[in-house]
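File shown here: model18.cif, holding mmCIF, N, CA and C atoms.
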data_structure
#
loop_
_atom_site.label_atom_id
_atom_site.label_comp_id
_atom_site.auth_asym_id
_atom_site.auth_seq_id
_atom_site.Cartn_x
_atom_site.Cartn_y
_atom_site.Cartn_z
N MET O 1 0.84 -1.17 0.00
CA MET O 1 0.00 0.00 0.00
C MET O 1 0.90 1.24 0.00
N GLU O 2 0.54 2.22 -0.81
CA GLU O 2 1.38 3.41 -0.88
C GLU O 2 1.20 4.30 0.35
N ARG O 3 2.18 5.10 0.58
CA ARG O 3 2.23 5.93 1.78
C ARG O 3 1.05 6.91 1.88
N ALA O 4 0.66 7.52 0.78
CA ALA O 4 -0.46 8.48 0.78
C ALA O 4 -1.76 7.79 1.18
N ARG O 5 -1.95 6.58 0.72
CA ARG O 5 -3.16 5.82 1.05
C ARG O 5 -3.18 5.48 2.55
N ILE O 6 -2.05 5.10 3.09
CA ILE O 6 -1.95 4.80 4.52
C ILE O 6 -2.26 6.04 5.35
N LYS O 7 -1.71 7.20 4.94
CA LYS O 7 -1.98 8.45 5.65
C LYS O 7 -3.46 8.80 5.59
N SER O 8 -4.08 8.57 4.45
CA SER O 8 -5.50 8.86 4.29
C SER O 8 -6.34 7.99 5.21
N ILE O 9 -6.03 6.72 5.27
CA ILE O 9 -6.76 5.80 6.14
C ILE O 9 -6.55 6.17 7.61
N ALA O 10 -5.33 6.50 7.99
CA ALA O 10 -5.03 6.89 9.37
C ALA O 10 -5.78 8.16 9.75
N LYS O 11 -5.82 9.13 8.84
CA LYS O 11 -6.52 10.38 9.11
C LYS O 11 -8.02 10.11 9.31
N GLU O 12 -8.58 9.28 8.45
CA GLU O 12 -10.00 8.95 8.57
C GLU O 12 -10.29 8.25 9.90
N ALA O 13 -9.42 7.34 10.28
CA ALA O 13 -9.60 6.63 11.56
C ALA O 13 -9.51 7.61 12.73
N LEU O 14 -8.58 8.55 12.65
CA LEU O 14 -8.44 9.53 13.73
C LEU O 14 -9.64 10.47 13.83
N ILE O 15 -10.29 10.73 12.71
CA ILE O 15 -11.49 11.57 12.74
C ILE O 15 -12.66 10.80 13.38
N TRP O 16 -12.71 9.50 13.13
CA TRP O 16 -13.81 8.70 13.67
C TRP O 16 -13.71 8.50 15.18
N VAL O 17 -12.54 8.59 15.77
CA VAL O 17 -12.41 8.40 17.22
C VAL O 17 -13.23 9.45 17.98
N PRO O 18 -13.01 10.76 17.77
CA PRO O 18 -13.85 11.72 18.49
C PRO O 18 -15.31 11.67 18.06
N THR O 19 -15.54 11.34 16.79
CA THR O 19 -16.92 11.25 16.30
C THR O 19 -17.69 10.17 17.05
N LEU O 20 -17.10 8.99 17.17
CA LEU O 20 -17.78 7.89 17.86
C LEU O 20 -17.94 8.15 19.35
N PHE O 21 -16.98 8.84 19.94
CA PHE O 21 -17.13 9.23 21.35
C PHE O 21 -18.34 10.14 21.52
N LEU O 22 -18.46 11.16 20.64
CA LEU O 22 -19.60 12.07 20.70
C LEU O 22 -20.91 11.33 20.46
N VAL O 23 -20.90 10.40 19.51
CA VAL O 23 -22.10 9.61 19.23
C VAL O 23 -22.52 8.83 20.47
N PHE O 24 -21.57 8.18 21.11
CA PHE O 24 -21.88 7.40 22.31
C PHE O 24 -22.46 8.28 23.42
N VAL O 25 -21.77 9.35 23.74
CA VAL O 25 -22.19 10.22 24.84
C VAL O 25 -23.54 10.86 24.56
N PHE O 26 -23.71 11.42 23.37
CA PHE O 26 -24.94 12.17 23.10
C PHE O 26 -26.13 11.27 22.79
N THR O 27 -25.89 10.02 22.40
CA THR O 27 -27.00 9.08 22.29
C THR O 27 -27.54 8.78 23.69
N MET O 28 -26.65 8.46 24.60
CA MET O 28 -27.07 8.15 25.97
C MET O 28 -27.74 9.35 26.63
N GLN O 29 -27.11 10.51 26.55
CA GLN O 29 -27.64 11.69 27.22
C GLN O 29 -28.89 12.23 26.52
N GLY O 30 -28.94 12.11 25.20
CA GLY O 30 -30.13 12.56 24.48
C GLY O 30 -31.36 11.76 24.88
N PHE O 31 -31.23 10.44 24.92
CA PHE O 31 -32.36 9.61 25.33
C PHE O 31 -32.72 9.84 26.80
N ALA O 32 -31.72 10.08 27.64
CA ALA O 32 -31.98 10.31 29.07
C ALA O 32 -32.83 11.56 29.29
N LYS O 33 -32.76 12.52 28.40
CA LYS O 33 -33.54 13.75 28.56
C LYS O 33 -35.03 13.52 28.36
N PHE O 34 -35.43 12.38 27.82
CA PHE O 34 -36.85 12.08 27.63
C PHE O 34 -37.46 11.37 28.83
N SER O 35 -36.66 11.00 29.81
CA SER O 35 -37.14 10.28 30.99
C SER O 35 -37.46 11.27 32.11
N ASP O 36 -38.66 11.15 32.65
CA ASP O 36 -39.06 12.03 33.75
C ASP O 36 -38.37 11.67 35.07
N SER O 37 -37.74 10.50 35.13
CA SER O 37 -37.07 10.09 36.36
C SER O 37 -35.55 10.24 36.28
N SER O 38 -35.07 10.80 35.20
CA SER O 38 -33.62 10.94 35.05
C SER O 38 -33.09 12.13 35.85
N GLY O 39 -31.80 12.14 36.02
CA GLY O 39 -31.16 13.28 36.67
C GLY O 39 -31.35 14.55 35.86
N TRP O 40 -31.48 14.40 34.54
CA TRP O 40 -31.70 15.56 33.69
C TRP O 40 -33.04 16.22 33.98
N ALA O 41 -34.06 15.42 34.26
CA ALA O 41 -35.38 15.98 34.58
C ALA O 41 -35.28 16.86 35.83
N ARG O 42 -34.58 16.36 36.83
CA ARG O 42 -34.41 17.14 38.06
C ARG O 42 -33.54 18.37 37.83
N ALA O 43 -32.48 18.22 37.04
CA ALA O 43 -31.59 19.35 36.78
C ALA O 43 -32.31 20.47 36.01
N PHE O 44 -33.03 20.11 34.97
CA PHE O 44 -33.74 21.13 34.19
C PHE O 44 -34.81 21.81 35.04
N GLN O 45 -35.45 21.05 35.91
CA GLN O 45 -36.44 21.62 36.82
C GLN O 45 -35.76 22.58 37.79
N HIS O 46 -34.61 22.19 38.31
CA HIS O 46 -33.84 23.04 39.23
C HIS O 46 -33.44 24.35 38.55
N TRP O 47 -33.06 24.28 37.28
CA TRP O 47 -32.65 25.48 36.54
C TRP O 47 -33.84 26.32 36.09
N GLY O 48 -35.05 25.81 36.29
CA GLY O 48 -36.24 26.58 35.95
C GLY O 48 -36.74 26.38 34.53
N TYR O 49 -36.28 25.34 33.85
CA TYR O 49 -36.72 25.09 32.48
C TYR O 49 -37.93 24.16 32.45
N PRO O 50 -38.85 24.37 31.51
CA PRO O 50 -40.01 23.48 31.39
C PRO O 50 -39.61 22.15 30.74
N ASP O 51 -40.49 21.16 30.87
CA ASP O 51 -40.22 19.84 30.30
C ASP O 51 -40.00 19.90 28.79
N TRP O 52 -40.79 20.70 28.07
CA TRP O 52 -40.65 20.74 26.62
C TRP O 52 -39.25 21.19 26.20
N PHE O 53 -38.63 22.05 27.01
CA PHE O 53 -37.28 22.50 26.68
C PHE O 53 -36.28 21.35 26.83
N ARG O 54 -36.43 20.57 27.88
CA ARG O 54 -35.56 19.40 28.08
C ARG O 54 -35.71 18.43 26.91
N TRP O 55 -36.95 18.19 26.48
CA TRP O 55 -37.19 17.29 25.36
C TRP O 55 -36.61 17.85 24.06
N THR O 56 -36.68 19.17 23.90
CA THR O 56 -36.11 19.81 22.71
C THR O 56 -34.60 19.63 22.68
N ILE O 57 -33.96 19.80 23.82
CA ILE O 57 -32.51 19.60 23.90
C ILE O 57 -32.16 18.14 23.62
N GLY O 58 -32.93 17.21 24.16
CA GLY O 58 -32.72 15.79 23.88
C GLY O 58 -32.86 15.49 22.40
N PHE O 59 -33.88 16.06 21.77
CA PHE O 59 -34.08 15.88 20.33
C PHE O 59 -32.90 16.45 19.55
N ALA O 60 -32.45 17.65 19.93
CA ALA O 60 -31.31 18.28 19.24
C ALA O 60 -30.06 17.41 19.36
N GLU O 61 -29.85 16.83 20.54
CA GLU O 61 -28.67 15.97 20.72
C GLU O 61 -28.77 14.71 19.87
N LEU O 62 -29.95 14.11 19.80
CA LEU O 62 -30.12 12.91 18.97
C LEU O 62 -30.04 13.24 17.48
N LEU O 63 -30.52 14.40 17.10
CA LEU O 63 -30.38 14.84 15.71
C LEU O 63 -28.90 15.04 15.37
N ALA O 64 -28.16 15.63 16.29
CA ALA O 64 -26.71 15.81 16.09
C ALA O 64 -26.03 14.46 15.91
N VAL O 65 -26.42 13.47 16.69
CA VAL O 65 -25.86 12.12 16.57
C VAL O 65 -26.12 11.56 15.17
N ALA O 66 -27.36 11.71 14.70
CA ALA O 66 -27.70 11.22 13.36
C ALA O 66 -26.85 11.91 12.30
N PHE O 67 -26.66 13.21 12.43
CA PHE O 67 -25.81 13.95 11.48
C PHE O 67 -24.36 13.49 11.55
N LEU O 68 -23.87 13.22 12.76
CA LEU O 68 -22.47 12.79 12.92
C LEU O 68 -22.18 11.47 12.21
N LEU O 69 -23.16 10.61 12.12
CA LEU O 69 -22.93 9.27 11.55
C LEU O 69 -22.80 9.27 10.03
N TRP O 70 -23.19 10.35 9.39
CA TRP O 70 -23.05 10.45 7.94
C TRP O 70 -21.98 11.48 7.64
N ARG O 71 -20.93 11.08 6.96
CA ARG O 71 -19.78 11.96 6.76
C ARG O 71 -20.16 13.30 6.12
N ARG O 72 -21.13 13.29 5.23
CA ARG O 72 -21.52 14.53 4.55
C ARG O 72 -22.17 15.54 5.48
N THR O 73 -22.79 15.08 6.54
CA THR O 73 -23.46 16.01 7.45
C THR O 73 -22.82 16.04 8.84
N ALA O 74 -21.68 15.41 8.98
CA ALA O 74 -21.01 15.35 10.29
C ALA O 74 -20.67 16.75 10.81
N ALA O 75 -20.29 17.66 9.93
CA ALA O 75 -19.98 19.02 10.36
C ALA O 75 -21.22 19.70 10.95
N LEU O 76 -22.37 19.43 10.36
CA LEU O 76 -23.62 19.98 10.87
C LEU O 76 -23.92 19.43 12.27
N GLY O 77 -23.72 18.13 12.46
CA GLY O 77 -23.91 17.51 13.77
C GLY O 77 -22.96 18.09 14.80
N ALA O 78 -21.71 18.28 14.40
CA ALA O 78 -20.73 18.86 15.32
C ALA O 78 -21.11 20.29 15.70
N ALA O 79 -21.56 21.06 14.71
CA ALA O 79 -21.98 22.44 14.99
C ALA O 79 -23.18 22.46 15.94
N LEU O 80 -24.10 21.53 15.76
CA LEU O 80 -25.26 21.47 16.64
C LEU O 80 -24.84 21.14 18.08
N ILE O 81 -23.88 20.24 18.23
CA ILE O 81 -23.37 19.92 19.57
C ILE O 81 -22.71 21.15 20.19
N ILE O 82 -21.93 21.87 19.42
CA ILE O 82 -21.28 23.08 19.94
C ILE O 82 -22.32 24.08 20.41
N ILE O 83 -23.38 24.27 19.63
CA ILE O 83 -24.43 25.22 20.00
C ILE O 83 -25.12 24.79 21.30
N VAL O 84 -25.46 23.51 21.39
CA VAL O 84 -26.12 23.00 22.61
C VAL O 84 -25.19 23.16 23.83
N MET O 85 -23.92 22.88 23.64
CA MET O 85 -22.98 22.98 24.76
C MET O 85 -22.75 24.44 25.17
N ILE O 86 -22.77 25.36 24.24
CA ILE O 86 -22.66 26.78 24.60
C ILE O 86 -23.88 27.20 25.41
N GLY O 87 -25.05 26.68 25.03
CA GLY O 87 -26.24 26.91 25.84
C GLY O 87 -26.10 26.34 27.24
N GLY O 88 -25.48 25.16 27.33
CA GLY O 88 -25.23 24.56 28.63
C GLY O 88 -24.30 25.40 29.48
N ILE O 89 -23.30 25.98 28.85
CA ILE O 89 -22.39 26.87 29.58
C ILE O 89 -23.18 28.06 30.12
N GLY O 90 -24.05 28.63 29.28
CA GLY O 90 -24.87 29.76 29.72
C GLY O 90 -25.74 29.40 30.92
N THR O 91 -26.29 28.20 30.89
CA THR O 91 -27.12 27.74 32.02
C THR O 91 -26.29 27.63 33.29
N HIS O 92 -25.10 27.03 33.18
CA HIS O 92 -24.25 26.87 34.37
C HIS O 92 -23.79 28.22 34.92
N VAL O 93 -23.44 29.14 34.03
CA VAL O 93 -23.01 30.47 34.47
C VAL O 93 -24.16 31.19 35.16
N ALA O 94 -25.36 31.13 34.55
CA ALA O 94 -26.53 31.80 35.14
C ALA O 94 -26.90 31.19 36.49
N ALA O 95 -26.64 29.89 36.65
CA ALA O 95 -26.96 29.21 37.91
C ALA O 95 -25.88 29.42 38.97
N GLY O 96 -24.79 30.09 38.60
CA GLY O 96 -23.73 30.37 39.57
C GLY O 96 -22.76 29.22 39.78
N ASP O 97 -22.72 28.28 38.85
CA ASP O 97 -21.78 27.15 38.95
C ASP O 97 -20.39 27.64 38.58
N ARG O 98 -19.48 27.64 39.53
CA ARG O 98 -18.14 28.15 39.23
C ARG O 98 -17.29 27.16 38.44
N PHE O 99 -17.75 25.94 38.29
CA PHE O 99 -17.05 24.95 37.47
C PHE O 99 -17.82 24.69 36.18
N TRP O 100 -18.34 25.76 35.57
CA TRP O 100 -19.20 25.68 34.39
C TRP O 100 -18.54 24.98 33.21
N TRP O 101 -17.24 25.04 33.11
CA TRP O 101 -16.50 24.50 31.96
C TRP O 101 -16.33 23.00 32.05
N ARG O 102 -16.53 22.41 33.20
CA ARG O 102 -16.14 21.03 33.47
C ARG O 102 -16.85 20.02 32.57
N SER O 103 -18.14 20.15 32.32
CA SER O 103 -18.82 19.13 31.53
C SER O 103 -18.98 19.49 30.07
N GLU O 104 -18.77 20.74 29.72
CA GLU O 104 -18.95 21.16 28.33
C GLU O 104 -17.65 21.26 27.54
N ALA O 105 -16.53 21.37 28.20
CA ALA O 105 -15.26 21.62 27.51
C ALA O 105 -14.87 20.49 26.56
N LEU O 106 -14.92 19.26 27.02
CA LEU O 106 -14.51 18.13 26.18
C LEU O 106 -15.43 17.95 24.97
N PRO O 107 -16.76 17.97 25.14
CA PRO O 107 -17.60 17.87 23.94
C PRO O 107 -17.39 19.00 22.94
N ILE O 108 -17.18 20.22 23.44
CA ILE O 108 -16.93 21.34 22.53
C ILE O 108 -15.62 21.12 21.78
N LEU O 109 -14.57 20.69 22.49
CA LEU O 109 -13.28 20.43 21.85
C LEU O 109 -13.40 19.34 20.78
N LEU O 110 -14.02 18.23 21.13
CA LEU O 110 -14.15 17.12 20.18
C LEU O 110 -15.05 17.49 19.01
N ALA O 111 -16.14 18.20 19.28
CA ALA O 111 -17.03 18.62 18.19
C ALA O 111 -16.33 19.61 17.26
N THR O 112 -15.47 20.46 17.82
CA THR O 112 -14.71 21.40 17.00
C THR O 112 -13.74 20.64 16.09
N ILE O 113 -13.09 19.61 16.62
CA ILE O 113 -12.19 18.79 15.80
C ILE O 113 -12.96 18.14 14.66
N VAL O 114 -14.11 17.56 14.98
CA VAL O 114 -14.92 16.91 13.95
C VAL O 114 -15.40 17.95 12.93
N PHE O 115 -15.84 19.10 13.40
CA PHE O 115 -16.30 20.13 12.48
C PHE O 115 -15.19 20.55 11.52
N LEU O 116 -14.01 20.83 12.06
CA LEU O 116 -12.91 21.27 11.20
C LEU O 116 -12.48 20.18 10.21
N ALA O 117 -12.56 18.93 10.63
CA ALA O 117 -12.16 17.83 9.76
C ALA O 117 -13.21 17.55 8.68
N ARG O 118 -14.46 17.80 8.98
CA ARG O 118 -15.55 17.41 8.07
C ARG O 118 -16.23 18.55 7.34
N HIS O 119 -15.94 19.79 7.67
CA HIS O 119 -16.71 20.88 7.08
C HIS O 119 -16.62 20.96 5.57
N SER O 120 -15.53 20.52 4.98
CA SER O 120 -15.42 20.57 3.51
C SER O 120 -16.28 19.50 2.84
N ARG O 121 -16.72 18.50 3.60
CA ARG O 121 -17.58 17.44 3.05
C ARG O 121 -19.07 17.80 3.13
N LEU O 122 -19.39 18.89 3.79
CA LEU O 122 -20.79 19.27 3.96
C LEU O 122 -21.39 19.57 2.59
N ARG O 123 -22.31 18.74 2.18
CA ARG O 123 -22.90 18.88 0.85
C ARG O 123 -24.42 18.97 1.00
N LEU O 124 -24.91 20.17 0.94
CA LEU O 124 -26.35 20.40 1.01
C LEU O 124 -26.78 21.11 -0.28
N PRO O 125 -28.02 21.00 -0.67
CA PRO O 125 -28.46 21.60 -1.94
C PRO O 125 -28.13 23.07 -2.09
N TYR O 126 -28.27 23.85 -1.02
CA TYR O 126 -27.98 25.28 -1.15
C TYR O 126 -26.51 25.55 -1.45
N VAL O 127 -25.61 24.66 -1.06
CA VAL O 127 -24.18 24.84 -1.34
C VAL O 127 -23.95 24.70 -2.84
N ARG O 128 -24.56 23.72 -3.46
CA ARG O 128 -24.41 23.52 -4.91
C ARG O 128 -24.97 24.71 -5.68
N ALA O 129 -26.11 25.22 -5.25
CA ALA O 129 -26.72 26.35 -5.94
C ALA O 129 -25.81 27.57 -5.86
N SER O 130 -25.16 27.79 -4.71
CA SER O 130 -24.31 28.97 -4.57
C SER O 130 -23.06 28.85 -5.43
N ARG O 131 -22.58 27.63 -5.69
CA ARG O 131 -21.43 27.47 -6.59
C ARG O 131 -21.77 27.93 -7.99
N ARG O 132 -22.98 27.59 -8.46
CA ARG O 132 -23.39 28.03 -9.80
C ARG O 132 -23.42 29.55 -9.87
N VAL O 133 -23.93 30.18 -8.81
CA VAL O 133 -23.97 31.64 -8.78
C VAL O 133 -22.55 32.19 -8.80
N ASP O 134 -21.65 31.61 -8.02
CA ASP O 134 -20.26 32.06 -8.00
C ASP O 134 -19.61 31.91 -9.37
N GLU O 135 -19.85 30.78 -10.04
CA GLU O 135 -19.27 30.56 -11.37
C GLU O 135 -19.79 31.58 -12.36
N THR O 136 -21.07 31.91 -12.27
CA THR O 136 -21.67 32.91 -13.16
C THR O 136 -21.03 34.28 -12.93
N ILE O 137 -20.82 34.61 -11.67
CA ILE O 137 -20.20 35.90 -11.33
C ILE O 137 -18.78 35.95 -11.86
N VAL O 138 -18.03 34.87 -11.72
CA VAL O 138 -16.64 34.83 -12.20
C VAL O 138 -16.60 34.96 -13.71
N ARG O 139 -17.50 34.25 -14.43
CA ARG O 139 -17.53 34.33 -15.90
C ARG O 139 -17.88 35.73 -16.37
N ALA O 140 -18.67 36.45 -15.56
CA ALA O 140 -19.06 37.81 -15.92
C ALA O 140 -17.93 38.81 -15.68
N GLY O 141 -16.85 38.37 -15.03
CA GLY O 141 -15.71 39.24 -14.83
C GLY O 141 -15.64 39.90 -13.47
N TYR O 142 -16.53 39.53 -12.57
CA TYR O 142 -16.47 40.10 -11.22
C TYR O 142 -15.54 39.24 -10.37
N PRO O 143 -14.89 39.86 -9.38
CA PRO O 143 -13.96 39.10 -8.53
C PRO O 143 -14.62 38.07 -7.67
#

So that I can check it, write out the structure of this file as structure tokens.
Amino acid sequence: MERARIKSIAKEALIWVPTLFLVFVFTMQGFAKFSDSSGWARAFQHWGYPDWFRWTIGFAELLAVAFLLWRRTAALGAALIIIVMIGGIGTHVAAGDRFWWRSEALPILLATIVFLARHSRLRLPYVRASRRVDETIVRAGYP
């Protein structure tokens, strides 16, 4: 096997390590947010959030997991995790938790790695449409 192919396989494997960790954690925690007897139910109640908000966060986490599992949308899943975790930081800061960074730092770091590694693979219909517009602008002589 040639050296470039080995490097490509190693890079792909290294990207999947943080991805699978995020999938594992957010699958478990996402489903836990739907249980009225979970620690999350008590925590969200303590922070003053209604049940529908907890369920929305659980849905967002599970949606992020689904996006992470498909390479083309993995950057979107990573971005969604970053957004949810920034919201979590806001909740901890507002609640006066002086160790607010403790549970959100690792997911944000890993999601950022996945986002940076996968963002060029993000292929959504609006991206293709904007390329055509860019090509038209370039052909017309605009920078």

Quick one: residues within 10 Å of segment 105-113 of chain O, only C-alpha atoms, excluding same-chain residues fewer than 2 positions away - as a PyMOL selection string? chain O and resi 15+17-19+21-22+25-26+68+74-86+89+100-103+115-118

Write the selection just made, keeping N, CA and C atoms, as a compact mmCIF listing (two decimals), keeping the file's coordinate frame?
# COMPACT_ATOMS: atom_id res chain seq x y z
N ILE O 15 -10.29 10.73 12.71
CA ILE O 15 -11.49 11.57 12.74
C ILE O 15 -12.66 10.80 13.38
N VAL O 17 -12.54 8.59 15.77
CA VAL O 17 -12.41 8.40 17.22
C VAL O 17 -13.23 9.45 17.98
N PRO O 18 -13.01 10.76 17.77
CA PRO O 18 -13.85 11.72 18.49
C PRO O 18 -15.31 11.67 18.06
N THR O 19 -15.54 11.34 16.79
CA THR O 19 -16.92 11.25 16.30
C THR O 19 -17.69 10.17 17.05
N PHE O 21 -16.98 8.84 19.94
CA PHE O 21 -17.13 9.23 21.35
C PHE O 21 -18.34 10.14 21.52
N LEU O 22 -18.46 11.16 20.64
CA LEU O 22 -19.60 12.07 20.70
C LEU O 22 -20.91 11.33 20.46
N VAL O 25 -21.77 9.35 23.74
CA VAL O 25 -22.19 10.22 24.84
C VAL O 25 -23.54 10.86 24.56
N PHE O 26 -23.71 11.42 23.37
CA PHE O 26 -24.94 12.17 23.10
C PHE O 26 -26.13 11.27 22.79
N LEU O 68 -23.87 13.22 12.76
CA LEU O 68 -22.47 12.79 12.92
C LEU O 68 -22.18 11.47 12.21
N ALA O 74 -21.68 15.41 8.98
CA ALA O 74 -21.01 15.35 10.29
C ALA O 74 -20.67 16.75 10.81
N ALA O 75 -20.29 17.66 9.93
CA ALA O 75 -19.98 19.02 10.36
C ALA O 75 -21.22 19.70 10.95
N LEU O 76 -22.37 19.43 10.36
CA LEU O 76 -23.62 19.98 10.87
C LEU O 76 -23.92 19.43 12.27
N GLY O 77 -23.72 18.13 12.46
CA GLY O 77 -23.91 17.51 13.77
C GLY O 77 -22.96 18.09 14.80
N ALA O 78 -21.71 18.28 14.40
CA ALA O 78 -20.73 18.86 15.32
C ALA O 78 -21.11 20.29 15.70
N ALA O 79 -21.56 21.06 14.71
CA ALA O 79 -21.98 22.44 14.99
C ALA O 79 -23.18 22.46 15.94
N LEU O 80 -24.10 21.53 15.76
CA LEU O 80 -25.26 21.47 16.64
C LEU O 80 -24.84 21.14 18.08
N ILE O 81 -23.88 20.24 18.23
CA ILE O 81 -23.37 19.92 19.57
C ILE O 81 -22.71 21.15 20.19
N ILE O 82 -21.93 21.87 19.42
CA ILE O 82 -21.28 23.08 19.94
C ILE O 82 -22.32 24.08 20.41
N ILE O 83 -23.38 24.27 19.63
CA ILE O 83 -24.43 25.22 20.00
C ILE O 83 -25.12 24.79 21.30
N VAL O 84 -25.46 23.51 21.39
CA VAL O 84 -26.12 23.00 22.61
C VAL O 84 -25.19 23.16 23.83
N MET O 85 -23.92 22.88 23.64
CA MET O 85 -22.98 22.98 24.76
C MET O 85 -22.75 24.44 25.17
N ILE O 86 -22.77 25.36 24.24
CA ILE O 86 -22.66 26.78 24.60
C ILE O 86 -23.88 27.20 25.41
N ILE O 89 -23.30 25.98 28.85
CA ILE O 89 -22.39 26.87 29.58
C ILE O 89 -23.18 28.06 30.12
N TRP O 100 -18.34 25.76 35.57
CA TRP O 100 -19.20 25.68 34.39
C TRP O 100 -18.54 24.98 33.21
N TRP O 101 -17.24 25.04 33.11
CA TRP O 101 -16.50 24.50 31.96
C TRP O 101 -16.33 23.00 32.05
N ARG O 102 -16.53 22.41 33.20
CA ARG O 102 -16.14 21.03 33.47
C ARG O 102 -16.85 20.02 32.57
N SER O 103 -18.14 20.15 32.32
CA SER O 103 -18.82 19.13 31.53
C SER O 103 -18.98 19.49 30.07
N PHE O 115 -15.84 19.10 13.40
CA PHE O 115 -16.30 20.13 12.48
C PHE O 115 -15.19 20.55 11.52
N LEU O 116 -14.01 20.83 12.06
CA LEU O 116 -12.91 21.27 11.20
C LEU O 116 -12.48 20.18 10.21
N ALA O 117 -12.56 18.93 10.63
CA ALA O 117 -12.16 17.83 9.76
C ALA O 117 -13.21 17.55 8.68
N ARG O 118 -14.46 17.80 8.98
CA ARG O 118 -15.55 17.41 8.07
C ARG O 118 -16.23 18.55 7.34

Next item on the list: One decimal, Å: what's the distance from atom CA of Val23 of chain O over to atom CA of Val65 of chain O, could you say?
Entry: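 Calculated distance between atom CA of Val23 of chain O and atom CA of Val65 of chain O is 5.2 Å.
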
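Counting from atom C of Gly88 of chain O, the distance to atom C of Ala13 of chain O is 28.6 Å.
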
Inset, instruction - List every residue of segment 26-75 of chain O that DSSP, applied to the backbone, labels as alpha helix (DSSP H), and write the result as a PyMOL selection string. - result: chain O and resi 26-32+39-46+51-68+74-75

Worksheet item: Using only C-alpha atoms, which residues sit within 12 Å of segment 38-50 of chain O once same-chain residues fewer than 2 positions away are excluded, as a list in words?
Response: Met28, Gln29, Gly30, Phe31, Ala32, Lys33, Phe34, Ser35, Asp36, Trp52, Phe53, Arg54, Trp55, Thr56, Ile57, Gly58, Gly88, Gly90, Thr91, His92, Val93, Ala94, Ala95, Gly96 and Asp97 of chain O

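If you measure from each of O:Glu104, O:Ser8, O:Leu14, O:Thr27 to Glu61 of chain O using only C-alpha atoms, the closest one turns out to be O:Thr27.
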
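Nearest residue to Ala66 of chain O, choosing from O:Glu12, O:Glu2, O:Lys7, O:Phe24 and counting only C-alpha atoms: O:Phe24.
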
Taking all atoms of segment 74-81 of chain O that appear in the file, build a box with edges along x, y and z, extend it by 5 Å on every side, and state its centre and edge lengths in Å to one decimal, as JSON.
{"center_x": -22.6, "center_y": 18.9, "center_z": 14.6, "size_x": 15.3, "size_y": 17.1, "size_z": 21.2}

**Message:** As an exercise, work out the distance from atom C of Arg71 of chain O to atom C of Leu20 of chain O in Å and give it to one decimal place.
**Reply:**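 Computing it gives 14.4 Å between the two atoms.
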
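Taking only C-alpha atoms into account, Leu69 of chain O lies nearest to O:Trp16 out of the set O:Phe99, O:Trp16, O:His119, O:Ala4.
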